[in-house]
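The file structure.txt contains compact mmCIF, C-alpha atoms:
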# COMPACT_ATOMS: atom_id res chain seq x y z
CA MET A 15 0.00 0.00 0.00
CA GLN A 16 2.70 2.47 1.03
CA SER A 17 4.76 2.37 -2.17
CA ASN A 18 1.65 2.74 -4.35
CA PHE A 19 0.49 5.74 -2.35
CA LEU A 20 3.92 7.40 -2.49
CA ASP A 21 4.13 6.80 -6.24
CA GLN A 22 1.03 8.93 -6.83
CA LEU A 23 2.09 11.94 -4.77
CA PRO A 24 4.22 13.95 -7.24
CA ALA A 25 2.16 16.93 -8.42
CA MET A 26 -0.14 16.54 -11.42
CA GLN A 27 -1.06 20.19 -11.89
CA PHE A 28 -4.59 20.56 -13.29
CA ASP A 29 -5.37 24.02 -14.62
CA HIS A 30 -8.97 25.18 -14.51
CA PRO A 31 -10.50 28.66 -13.99
CA TRP A 32 -12.41 27.41 -10.93
CA LEU A 33 -9.11 26.62 -9.21
CA SER A 34 -7.53 29.98 -10.04
CA GLU A 35 -6.85 32.90 -7.74
CA ASP A 36 -8.91 35.18 -10.00
CA PHE A 37 -12.01 33.01 -9.53
CA ALA A 38 -11.39 32.92 -5.77
CA GLU A 39 -11.09 36.71 -5.66
CA VAL A 40 -14.53 37.10 -7.25
CA SER A 41 -15.92 34.68 -4.65
CA ARG A 42 -14.40 36.79 -1.88
CA GLU A 43 -16.00 39.93 -3.29
CA GLN A 44 -19.41 38.28 -3.65
CA ALA A 45 -19.26 36.84 -0.14
CA VAL A 46 -18.83 40.21 1.58
CA GLY A 47 -21.64 40.54 4.12
CA SER A 48 -22.66 36.91 3.78
CA ASN A 49 -24.36 35.44 6.84
CA SER A 50 -24.46 31.86 5.56
CA ARG A 51 -24.31 29.35 8.43
CA ASP A 52 -25.46 25.97 7.10
CA HIS A 53 -22.66 24.78 4.84
CA HIS A 54 -23.45 21.80 2.61
CA TYR A 55 -20.63 19.36 1.97
CA VAL A 56 -23.00 17.36 -0.30
CA PRO A 57 -24.82 19.77 -2.63
CA PHE A 58 -28.56 20.17 -2.32
CA PHE A 59 -29.08 19.98 -6.09
CA TYR A 60 -27.35 16.59 -6.12
CA LEU A 61 -29.30 15.05 -3.22
CA LYS A 62 -32.54 16.30 -4.79
CA ARG A 63 -32.04 13.64 -7.48
CA TRP A 64 -33.17 11.06 -4.88
CA ALA A 65 -36.12 13.11 -3.65
CA VAL A 66 -39.69 11.86 -3.70
CA GLU A 67 -42.10 14.73 -3.08
CA MET A 68 -39.04 16.74 -1.96
CA GLU A 69 -37.96 14.22 0.70
CA ILE A 70 -35.11 11.73 0.85
CA GLN A 71 -34.40 8.91 3.29
CA PRO A 72 -31.22 9.24 5.41
CA VAL A 73 -29.83 6.08 7.04
CA VAL A 74 -27.11 6.13 9.72
CA ILE A 75 -25.02 3.31 8.36
CA ASP A 76 -23.13 2.09 11.46
CA SER A 77 -26.38 1.54 13.34
CA THR A 78 -28.53 0.87 10.23
CA THR A 79 -30.98 3.39 11.66
CA SER A 80 -33.44 5.05 9.32
CA GLU A 81 -33.99 8.66 10.25
CA ARG A 82 -37.25 10.37 9.40
CA PRO A 83 -37.46 11.49 5.75
CA LYS A 84 -36.07 14.99 5.24
CA SER A 85 -35.74 17.67 2.62
CA PRO A 86 -32.40 17.50 0.77
CA ARG A 87 -31.67 20.92 2.28
CA GLN A 88 -31.82 19.43 5.79
CA VAL A 89 -29.03 16.88 5.29
CA GLY A 90 -25.40 16.81 4.16
CA TYR A 91 -24.42 20.01 5.95
CA LEU A 92 -22.68 21.26 9.08
CA ARG A 93 -23.04 24.62 10.77
CA HIS A 94 -20.14 26.95 9.84
CA PHE A 95 -18.18 24.04 8.33
CA TYR A 96 -16.26 26.35 5.97
CA SER A 97 -15.76 29.18 8.47
CA LEU A 98 -13.47 29.69 11.42
CA PRO A 99 -14.93 30.68 14.79
CA LYS A 100 -14.72 34.27 15.94
CA THR A 101 -11.38 35.52 17.23
CA ASP A 102 -10.96 38.26 19.83
CA GLU A 103 -11.23 40.80 17.03
CA THR A 104 -13.61 39.67 14.28
CA MET A 105 -14.70 36.80 12.06
CA ASP A 106 -11.83 35.55 9.92
CA LEU A 107 -12.96 37.26 6.72
CA PRO A 108 -10.76 35.39 4.20
CA LEU A 109 -12.65 32.17 4.95
CA LYS A 110 -16.18 33.47 4.60
CA TRP A 111 -15.90 33.11 0.82
CA ILE A 112 -15.46 29.33 0.59
CA GLU A 113 -19.16 28.43 0.72
CA LYS A 114 -19.81 31.06 -1.96
CA HIS A 115 -16.91 29.70 -4.03
CA LEU A 116 -18.29 26.15 -3.93
CA SER A 117 -21.82 27.31 -4.78
CA ARG A 118 -20.51 29.17 -7.86
CA ILE A 119 -19.00 25.89 -9.08
CA GLU A 120 -22.15 23.90 -8.30
CA SER A 121 -24.41 25.99 -10.54
CA PRO A 122 -22.73 25.15 -13.90
CA CYS A 123 -22.10 21.58 -12.73
CA ALA A 124 -25.81 21.03 -12.18
CA GLU A 125 -26.14 21.67 -15.93
CA ARG A 126 -23.20 19.34 -16.62
CA LEU A 127 -24.98 16.54 -14.78
CA ARG A 128 -28.09 17.20 -16.84
CA GLN A 129 -25.93 16.76 -19.94
CA LEU A 130 -24.85 13.36 -18.58
CA ASP A 131 -28.55 12.56 -18.07
CA GLN A 132 -29.08 13.07 -21.82
CA ILE A 133 -26.45 10.43 -22.59
CA LYS A 134 -28.58 7.95 -20.63
CA THR A 135 -25.97 5.16 -20.98
CA GLY A 136 -22.60 4.76 -22.66
CA LYS A 137 -19.22 6.43 -22.91
CA THR A 138 -18.63 10.17 -22.73
CA MET A 139 -15.58 11.78 -24.32
CA ASP A 140 -16.81 15.37 -24.06
CA ALA A 141 -13.59 17.03 -22.87
CA PRO A 142 -15.11 20.31 -21.57
CA LEU A 143 -17.74 18.36 -19.61
CA LYS A 144 -15.09 16.03 -18.17
CA ARG A 145 -12.83 18.95 -17.27
CA ASP A 146 -15.56 20.79 -15.36
CA LEU A 147 -16.84 17.69 -13.60
CA SER A 148 -13.29 16.63 -12.68
CA VAL A 149 -13.03 19.79 -10.59
CA PHE A 150 -16.53 19.38 -9.17
CA LEU A 151 -15.99 15.72 -8.27
CA GLY A 152 -12.52 16.44 -6.92
CA LEU A 153 -13.91 19.12 -4.63
CA GLN A 154 -16.77 16.83 -3.64
CA ARG A 155 -14.09 14.43 -2.47
CA THR A 156 -12.08 17.04 -0.55
CA ARG A 157 -14.91 19.18 0.90
CA THR A 158 -16.31 16.49 3.23
CA PRO A 159 -15.87 16.03 6.99
CA SER A 160 -13.95 12.80 6.41
CA HIS A 161 -11.39 14.52 4.20
CA ARG A 162 -11.03 17.27 6.83
CA GLU A 163 -10.17 14.56 9.35
CA TYR A 164 -7.65 12.94 6.99
CA SER A 165 -6.02 16.31 6.29
CA MET A 166 -5.76 17.14 9.98
CA ALA A 167 -4.16 13.75 10.65
CA ILE A 168 -1.40 14.58 8.17
CA ILE A 169 -1.05 18.19 9.33
CA LYS A 170 -0.79 17.23 13.01
CA GLY A 171 1.39 14.15 12.46
CA PRO A 172 4.81 13.92 14.11
CA LEU A 173 7.36 16.19 12.46
CA GLY A 174 9.92 13.40 12.16
CA ALA A 175 7.53 11.12 10.30
CA LYS A 176 6.40 13.91 7.96
CA GLN A 177 10.01 14.87 7.23
CA GLU A 178 10.83 11.28 6.33
CA LEU A 179 7.74 11.14 4.10
CA VAL A 180 8.71 14.36 2.26
CA LYS A 181 12.27 13.06 1.75
CA ARG A 182 10.91 9.86 0.18
CA MET A 183 8.56 11.82 -2.05
CA ASN A 184 11.37 14.15 -3.13
CA PRO A 185 14.72 12.34 -2.74
CA THR A 186 16.70 15.30 -4.15
CA LEU A 187 15.55 17.68 -1.41
CA THR A 188 18.24 18.49 1.16
CA GLY A 189 19.11 21.29 3.56
CA LEU A 190 17.21 24.51 3.02
CA ALA A 191 15.02 23.03 0.26
CA LEU A 192 13.86 20.25 2.59
CA ALA A 193 13.21 22.75 5.38
CA ALA A 194 11.15 24.90 3.00
CA ALA A 195 9.11 21.88 1.87
CA MET A 196 8.27 21.13 5.48
CA GLN A 197 6.86 24.59 6.15
CA PRO A 198 3.05 24.80 6.25
CA ASN A 199 1.27 27.49 4.25
CA TYR A 200 -0.57 28.68 7.37
CA ALA A 201 0.17 28.67 11.08
CA ASP A 202 -3.41 27.67 11.90
CA ASP A 203 -4.02 23.95 11.26
CA ARG A 204 -7.58 24.61 10.15
CA LEU A 205 -6.45 27.15 7.58
CA GLU A 206 -3.93 24.61 6.31
CA ALA A 207 -6.76 22.07 5.93
CA PHE A 208 -8.73 24.56 3.81
CA HIS A 209 -5.64 25.08 1.65
CA LEU A 210 -5.34 21.30 1.14
CA MET A 211 -9.02 21.09 0.12
CA PHE A 212 -8.19 22.99 -3.08
CA SER A 213 -4.54 22.01 -3.60
CA ASP A 214 -5.38 18.28 -3.52
CA VAL A 215 -7.73 18.83 -6.48
CA ARG A 216 -5.28 21.09 -8.32
CA ASN A 217 -2.25 18.86 -7.79
CA VAL A 218 -3.59 15.29 -7.88
CA ILE A 219 -7.30 14.50 -8.04
CA GLY A 220 -8.47 16.77 -10.87
CA LYS A 221 -6.12 15.43 -13.50
CA ALA A 222 -6.39 11.87 -12.18
CA LEU A 223 -10.15 11.96 -12.80
CA PHE A 224 -9.95 13.76 -16.15
CA GLN A 225 -7.56 11.16 -17.60
CA ARG A 226 -9.93 8.28 -16.86
CA ARG A 227 -12.37 6.61 -19.26
CA TRP A 228 -15.87 7.82 -18.39
CA ALA A 229 -19.19 6.09 -18.99
CA VAL A 230 -22.73 6.20 -17.60
CA TYR A 231 -24.30 2.89 -16.57
CA GLU A 232 -27.96 2.20 -15.91
CA THR A 233 -28.93 -0.08 -13.02
CA ALA A 234 -31.68 -2.69 -13.07
CA THR A 235 -32.65 -1.85 -9.48
CA PRO A 236 -32.36 1.36 -7.43
CA ILE A 237 -29.05 2.55 -6.01
CA ILE A 238 -28.30 4.79 -3.05
CA THR A 239 -25.79 7.58 -2.47
CA CYS A 240 -23.95 8.78 0.63
CA ASP A 241 -22.14 11.63 2.37
CA ASP A 242 -18.87 10.71 0.56
CA PRO A 243 -20.20 9.89 -2.93
CA VAL A 244 -16.95 9.98 -4.99
CA ILE A 245 -15.67 6.46 -4.38
CA ALA A 246 -12.33 4.97 -5.43
CA LEU A 247 -12.20 1.19 -5.87
CA ALA A 248 -8.62 -0.09 -5.92
CA GLY A 249 -9.69 -3.31 -7.67
CA PRO A 250 -7.75 -6.55 -8.06
CA PRO A 251 -5.04 -7.51 -7.23
CA SER A 252 -5.23 -4.94 -4.39
CA THR A 253 -6.74 -6.02 -1.10
CA ARG A 254 -9.43 -4.20 0.85
CA SER A 255 -6.74 -2.80 3.18
CA SER A 256 -5.23 -0.84 0.26
CA PHE A 257 -5.96 2.73 -0.73
CA VAL A 258 -3.99 3.48 -3.89
CA GLY A 259 -5.55 6.88 -4.57
CA PHE A 260 -7.43 8.41 -7.46
CA GLN A 261 -4.55 8.04 -9.88
CA LYS A 262 -4.01 4.28 -9.51
CA SER A 263 -7.40 2.92 -8.42
CA ALA A 264 -8.97 0.74 -11.11
CA VAL A 265 -12.38 2.41 -10.83
CA VAL A 266 -13.92 5.59 -9.44
CA ILE A 267 -17.71 5.65 -9.16
CA TYR A 268 -20.21 8.45 -8.55
CA PRO A 269 -23.96 7.74 -8.22
CA LEU A 270 -25.91 10.08 -10.50
CA ASP A 271 -29.50 9.21 -9.55
CA PRO A 272 -31.45 6.15 -8.35
CA PHE A 273 -30.88 4.32 -11.66
CA HIS A 274 -27.62 5.71 -13.09
CA ILE A 275 -23.98 5.76 -12.04
CA LEU A 276 -20.91 7.44 -13.51
CA VAL A 277 -18.04 4.95 -13.84
CA MET A 278 -14.50 6.27 -14.41
CA LEU A 279 -11.99 3.55 -15.34
CA ARG A 280 -8.23 3.88 -15.17
CA ALA A 281 -6.83 4.72 -18.62
CA ASP A 282 -5.39 1.24 -19.18
CA LEU A 283 -8.82 -0.38 -18.70
CA LYS A 284 -11.79 -0.44 -21.08
CA HIS A 285 -15.54 -0.31 -20.66
CA ARG A 286 -17.05 -3.58 -21.82
CA GLY A 287 -20.77 -3.67 -22.45
CA PRO A 288 -23.49 -3.81 -21.65
CA PHE A 289 -23.77 -0.39 -20.01
CA LYS A 290 -26.38 -1.79 -17.67
CA LEU A 291 -25.80 -3.36 -14.26
CA ASP A 292 -28.04 -6.28 -13.42
CA GLU A 293 -29.70 -6.74 -10.04
CA GLU A 294 -26.72 -8.53 -8.50
CA GLU A 295 -24.26 -5.92 -9.78
CA ALA A 296 -26.45 -3.06 -8.54
CA GLU A 297 -26.58 -4.72 -5.12
CA SER A 298 -22.78 -4.94 -5.06
CA ILE A 299 -22.57 -1.23 -5.93
CA ASN A 300 -24.95 -0.35 -3.10
CA LEU A 301 -22.67 -2.28 -0.76
CA GLU A 302 -19.67 -0.20 -1.89
CA ILE A 303 -21.57 3.08 -1.53
CA ALA A 304 -22.77 2.24 1.97
CA ALA A 305 -19.29 1.09 2.99
CA SER A 306 -17.84 4.38 1.76
CA ALA A 307 -20.22 6.50 3.82
CA THR A 308 -18.66 8.40 6.67
CA LYS A 309 -21.91 8.38 8.58
CA THR A 310 -25.03 8.54 6.39
CA THR A 311 -26.47 7.12 3.19
CA PHE A 312 -29.35 8.68 1.24
CA GLU A 313 -32.00 6.96 -0.85
CA ARG A 314 -35.51 7.38 -2.15
CA VAL A 315 -38.21 7.17 0.48
CA GLY A 316 -39.61 3.64 0.37
CA ASP A 317 -36.62 1.91 -1.27
CA ASN A 318 -35.44 0.46 2.08
CA ILE A 319 -31.98 -0.48 0.78
CA ALA A 320 -29.26 0.69 3.19
CA LYS A 321 -30.77 -0.57 6.43
CA SER A 322 -30.70 -4.14 5.10
CA LEU A 323 -26.98 -4.06 4.21
CA ASN A 324 -24.42 -5.78 6.43
CA ILE A 325 -21.57 -3.27 6.67
CA PRO A 326 -18.72 -3.41 9.24
CA ILE A 327 -18.15 -0.43 11.52
CA ARG A 328 -15.12 1.56 10.38
CA GLU A 329 -11.99 1.02 12.46
CA ILE A 330 -10.58 3.90 14.48
CA THR A 331 -7.02 4.50 13.33
CA ARG A 332 -4.18 4.57 15.81
CA GLU A 333 -2.69 7.96 16.68
CA ILE A 334 1.09 8.30 16.71
CA SER A 335 3.06 10.77 18.84
CA GLU A 336 6.59 12.12 18.48
CA GLU A 337 7.64 9.69 21.22
CA ASP A 338 6.02 6.78 19.35
CA PHE A 339 7.83 7.78 16.17
CA ALA A 340 11.20 7.81 17.91
CA ASN A 341 10.67 4.18 18.90
CA LEU A 342 9.35 2.96 15.53
CA ASP A 343 11.00 1.86 12.33
CA HIS A 344 10.59 4.67 9.76
CA ASP A 345 8.60 2.46 7.40
CA GLU A 346 6.14 1.56 10.14
CA ALA A 347 5.75 5.17 11.27
CA ILE A 348 5.05 6.36 7.72
CA ARG A 349 2.59 3.50 7.21
CA ILE A 350 0.65 4.66 10.28
CA ILE A 351 0.66 8.30 9.16
CA LEU A 352 -0.60 7.33 5.71
CA ASN A 353 -3.30 5.15 7.26
CA GLN A 354 -4.48 8.16 9.26
CA GLY A 355 -4.37 10.43 6.22
CA THR A 356 -6.18 8.23 3.68
CA PRO A 357 -9.62 6.58 3.67
CA ARG A 358 -9.71 3.19 5.39
CA SER A 359 -11.98 0.49 4.07
CA ARG A 360 -14.57 -0.87 6.47
CA TRP A 361 -13.38 -4.30 5.29
CA ALA A 362 -9.67 -3.64 5.89
CA SER A 363 -9.47 -6.24 8.66
CA SER A 364 -12.46 -8.37 7.72
CA ALA A 365 -12.18 -11.98 6.63
CA GLN A 366 -15.63 -11.64 4.98
CA ALA A 367 -14.70 -8.82 2.58
CA PRO A 368 -16.72 -9.08 -0.65
CA ASP A 369 -15.09 -9.38 -4.06
CA TRP A 370 -14.57 -6.16 -5.97
CA PRO A 371 -17.83 -5.33 -7.79
CA VAL A 372 -18.52 -5.79 -11.52
CA PRO A 373 -15.56 -8.02 -12.59
CA ARG A 374 -15.62 -6.87 -16.25
CA TRP A 375 -14.34 -3.43 -15.17
CA TYR A 376 -10.90 -4.80 -14.28
CA LYS A 377 -10.12 -6.66 -17.52
Kindly present the structure from the file in structure tokens form.
Amino acid sequence: MQSNFLDQLPAMQFDHPWLSEDFAEVSREQAVGSNSRDHHYVPFFYLKRWAVEMEIQPVVIDSTTSERPKSPRQVGYLRHFYSLPKTDETMDLPLKWIEKHLSRIESPCAERLRQLDQIKTGKTMDAPLKRDLSVFLGLQRTRTPSHREYSMAIIKGPLGAKQELVKRMNPTLTGLALAAAMQPNYADDRLEAFHLMFSDVRNVIGKALFQRRWAVYETATPIITCDDPVIALAGPPSTRSSFVGFQKSAVVIYPLDPFHILVMLRADLKHRGPFKLDEEEAESINLEIAASATKTTFERVGDNIAKSLNIPIREITREISEEDFANLDHDEAIRIILNQGTPRSRWASSAQAPDWPVPRWYK
């Protein structure tokens, strides 16, 4: 797992206006005076695709508890998630723009998803559409509470372990160059996490998604979505304990609506028809979506899918201190840091892990 993860880390700069400083500056200007408090990490327009009479069904996956049906506006958000709390002087103004920034990206991407709807099933090679949605899907991956936790695990990790990691990523760095690479962009850990939310898309995820082979599949039976809906499947021969990232994973999936899913294959793989998933394949996809949820899945009211799935509770990763690092082999310390800073499969330690779904995707 470790070598694969380290292999993907060199920057893959992905240029797009939505990731530019000019676009961010407009967002800052438009956000002046904003009093937004409920910040959605899963967009309302997306969740509305599962709505029946403007309600969807949330299910808390670890307890398989169905909450009461809610409006899509009432789920997938946290209060002030993209803002810092008040200081002794005033609200941290530079961060009030992030919710506005994300909403400006969501509006054109709602139209992009409607364009995918028109495809119904089959491959898409529309480069402008792929480029826009690569940013949108990348930010969907990095804007969630789970990604905030992963980022903070890396940011707060022991200095010695992080220095060893940076040296392995960039073997030519020494002296002052290594010291500069170790410097955070911000003194405040939370500000650094906001920086990583965008830089991870600009440097790795955006291009990794754009270079994939995209296709829309129809499902024979309904599928669900979740609070972390951009899902990387490492695929064989990797085990469930592996996370090889968005560059090397065999498949990345994104549910589009109750009967359609966007499937993004690694460039060396090919879509093999039919572009329809049968009942068994749709069930295996629902299992993956539920297992990828941080806390909650969402489905149409009355479908009753998620509460019947048998999903392990996600393991709590071990924390490592500076003292721990001093007593550990460097390889082991880095392995622990990477485990804290990347998504862990709910089946990582399970002897009953299912096979990777839809075998024809990996041929």
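Note that CA of Val40 (chain A) and CA of Asp242 (chain A) are 27.9 Å apart.
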- Task: Select, from A:His161, A:Arg226, A:Lys137, A:Arg314, the residue with the minimum atom-to-atom distance to Gly287 (chain A), counting all atoms listed in the file.
- Result: A:Lys137
- Task: Taking (-38.4, 6.3, -2.0) in the file's own coordinates, collect the residues within 12 Å, counting all atoms listed in the file, and hand them back as a list in words.
- Result: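 All residues meeting the 12 Å criterion around (-38.4, 6.3, -2.0) are Lys62, Arg63, Trp64, Ala65, Val66, Glu67, Met68, Glu69, Ile70, Gln71, Pro72, Pro83, Lys84, Pro236, Ile237, Ile238, Pro272, Phe312, Glu313, Arg314, Val315, Gly316, Asp317, Asn318, Ile319 and Ala320 of chain A.
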May I have the centre and edge lengths, in Å to one decimal, of an axis-aligned box around the listed atoms of region 65-83 of chain A with 4 Å added to every side, as lines of an AutoDock Vina configuration file?
center_x = -32.6
center_y = 8.8
center_z = 4.8
size_x = 27.0
size_y = 23.9
size_z = 25.0
- Tell me, as a ChimeraX atom specification, which residues lie within 10 Å of Ile219 (chain A), counting only C-alpha atoms; anything in the same chain fewer than 5 positions away does not count. /A:25-28,148-149,151-153,155-156,212-214,224,259-261
- Message: Here is a test: counting only C-alpha atoms, which residue of A:Arg118, A:Arg93, A:Arg128, A:Arg157 is nearest to Tyr60 (chain A)?
- Response: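 Under the stated criterion, the closest residue is A:Arg128.
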Taking (-20.2, 18.9, 0.0) as a centre in this file's frame and 7 Å as the limit, can you find every polymer residue with an atom that close, using only C-alpha atoms, and give them as a PDB file with C-alpha atoms, in the coordinates of the input?
ATOM      1  CA  HIS A  54     -23.450  21.800   2.610  1.00  0.00           C
ATOM      2  CA  TYR A  55     -20.630  19.360   1.970  1.00  0.00           C
ATOM      3  CA  VAL A  56     -23.000  17.360  -0.300  1.00  0.00           C
ATOM      4  CA  PRO A  57     -24.820  19.770  -2.630  1.00  0.00           C
ATOM      5  CA  GLY A  90     -25.400  16.810   4.160  1.00  0.00           C
ATOM      6  CA  GLN A 154     -16.770  16.830  -3.640  1.00  0.00           C
ATOM      7  CA  ARG A 157     -14.910  19.180   0.900  1.00  0.00           C
ATOM      8  CA  THR A 158     -16.310  16.490   3.230  1.00  0.00           C
TER       9      THR A 158
END
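Closest to Ser48 (chain A) among A:Arg216, A:Lys114, A:Arg82, A:Lys144 is A:Lys114, based on all atoms listed in the file.
Atom to atom, CA of Ser41 (chain A) and CA of Ile119 (chain A) stand 10.3 Å apart.
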- Item | For Cys240 (chain A), the nearest of the candidates A:Lys309, A:His285, A:Arg360, A:Arg145, counting all atoms listed in the file | A:Lys309
- Note on the structure: With distances taken over all atoms listed in the file, the candidate from A:Ala141, A:Ala124, A:Leu173, A:Met211 nearest Pro159 (chain A) is A:Met211
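Counting all atoms listed in the file, the residue from A:Leu270, A:Ile303, A:Leu33, A:Leu147 that sits nearest to Leu247 (chain A) is A:Ile303.
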- Interatomic distance (Å, one decimal) between CA of Pro243 (chain A) and CA of Ile267 (chain A):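 CA of Ile267 (chain A) lies 7.9 Å from CA of Pro243 (chain A).
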- Please provide as an NGL selection string all residues within 12 Å of Ile75 (chain A), with the sequence filter that same-chain residues fewer than 5 positions apart are discarded (counting all atoms listed in the file). :A and (80-81 or 238-241 or 301 or 303-312 or 319-328 or 360)
- Neighbours of region 273-284 of chain A within 6 Å (all atoms listed in the file; same-chain residues fewer than 6 positions away dropped), as a list in words?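 Neighbouring residues, sequence-local ones excluded: Arg226, Arg227, Trp228, Ala229, Val230, Tyr231, Glu232, Thr233, Pro236, Ala264, Val265, Val266 and Ile267 of chain A.
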Missing atoms in region 238-250 of chain A need filling: write out N, CA and C atoms for it as an mmCIF file, in the coordinates of the input.
data_model
loop_
_atom_site.group_PDB
_atom_site.id
_atom_site.type_symbol
_atom_site.label_atom_id
_atom_site.label_comp_id
_atom_site.auth_asym_id
_atom_site.auth_seq_id
_atom_site.Cartn_x
_atom_site.Cartn_y
_atom_site.Cartn_z
ATOM 1 N N ILE A 238 -28.308 3.750 -4.077
ATOM 2 C CA ILE A 238 -28.300 4.790 -3.050
ATOM 3 C C ILE A 238 -27.135 5.739 -3.323
ATOM 4 N N THR A 239 -27.002 6.761 -2.503
ATOM 5 C CA THR A 239 -25.790 7.580 -2.470
ATOM 6 C C THR A 239 -25.434 7.802 -1.010
ATOM 7 N N CYS A 240 -24.400 8.637 -0.757
ATOM 8 C CA CYS A 240 -23.950 8.780 0.630
ATOM 9 C C CYS A 240 -23.279 10.133 0.832
ATOM 10 N N ASP A 241 -22.771 10.346 2.038
ATOM 11 C CA ASP A 241 -22.140 11.630 2.370
ATOM 12 C C ASP A 241 -20.696 11.724 1.889
ATOM 13 N N ASP A 242 -20.191 10.700 1.215
ATOM 14 C CA ASP A 242 -18.870 10.710 0.560
ATOM 15 C C ASP A 242 -19.020 10.019 -0.790
ATOM 16 N N PRO A 243 -19.723 10.642 -1.760
ATOM 17 C CA PRO A 243 -20.200 9.890 -2.930
ATOM 18 C C PRO A 243 -19.194 9.677 -4.057
ATOM 19 N N VAL A 244 -17.982 10.244 -3.971
ATOM 20 C CA VAL A 244 -16.950 9.980 -4.990
ATOM 21 C C VAL A 244 -16.058 8.879 -4.448
ATOM 22 N N ILE A 245 -16.174 7.679 -5.012
ATOM 23 C CA ILE A 245 -15.670 6.460 -4.380
ATOM 24 C C ILE A 245 -14.618 5.799 -5.251
ATOM 25 N N ALA A 246 -13.421 5.635 -4.710
ATOM 26 C CA ALA A 246 -12.330 4.970 -5.430
ATOM 27 C C ALA A 246 -12.295 3.495 -5.049
ATOM 28 N N LEU A 247 -12.290 2.635 -6.065
ATOM 29 C CA LEU A 247 -12.200 1.190 -5.870
ATOM 30 C C LEU A 247 -10.841 0.738 -6.407
ATOM 31 N N ALA A 248 -9.967 0.300 -5.503
ATOM 32 C CA ALA A 248 -8.620 -0.090 -5.920
ATOM 33 C C ALA A 248 -8.665 -1.212 -6.941
ATOM 34 N N GLY A 249 -9.553 -2.196 -6.734
ATOM 35 C CA GLY A 249 -9.690 -3.310 -7.670
ATOM 36 C C GLY A 249 -8.572 -4.322 -7.533
ATOM 37 N N PRO A 250 -8.770 -5.519 -8.132
ATOM 38 C CA PRO A 250 -7.750 -6.550 -8.060
ATOM 39 C C PRO A 250 -6.471 -6.113 -8.803
#
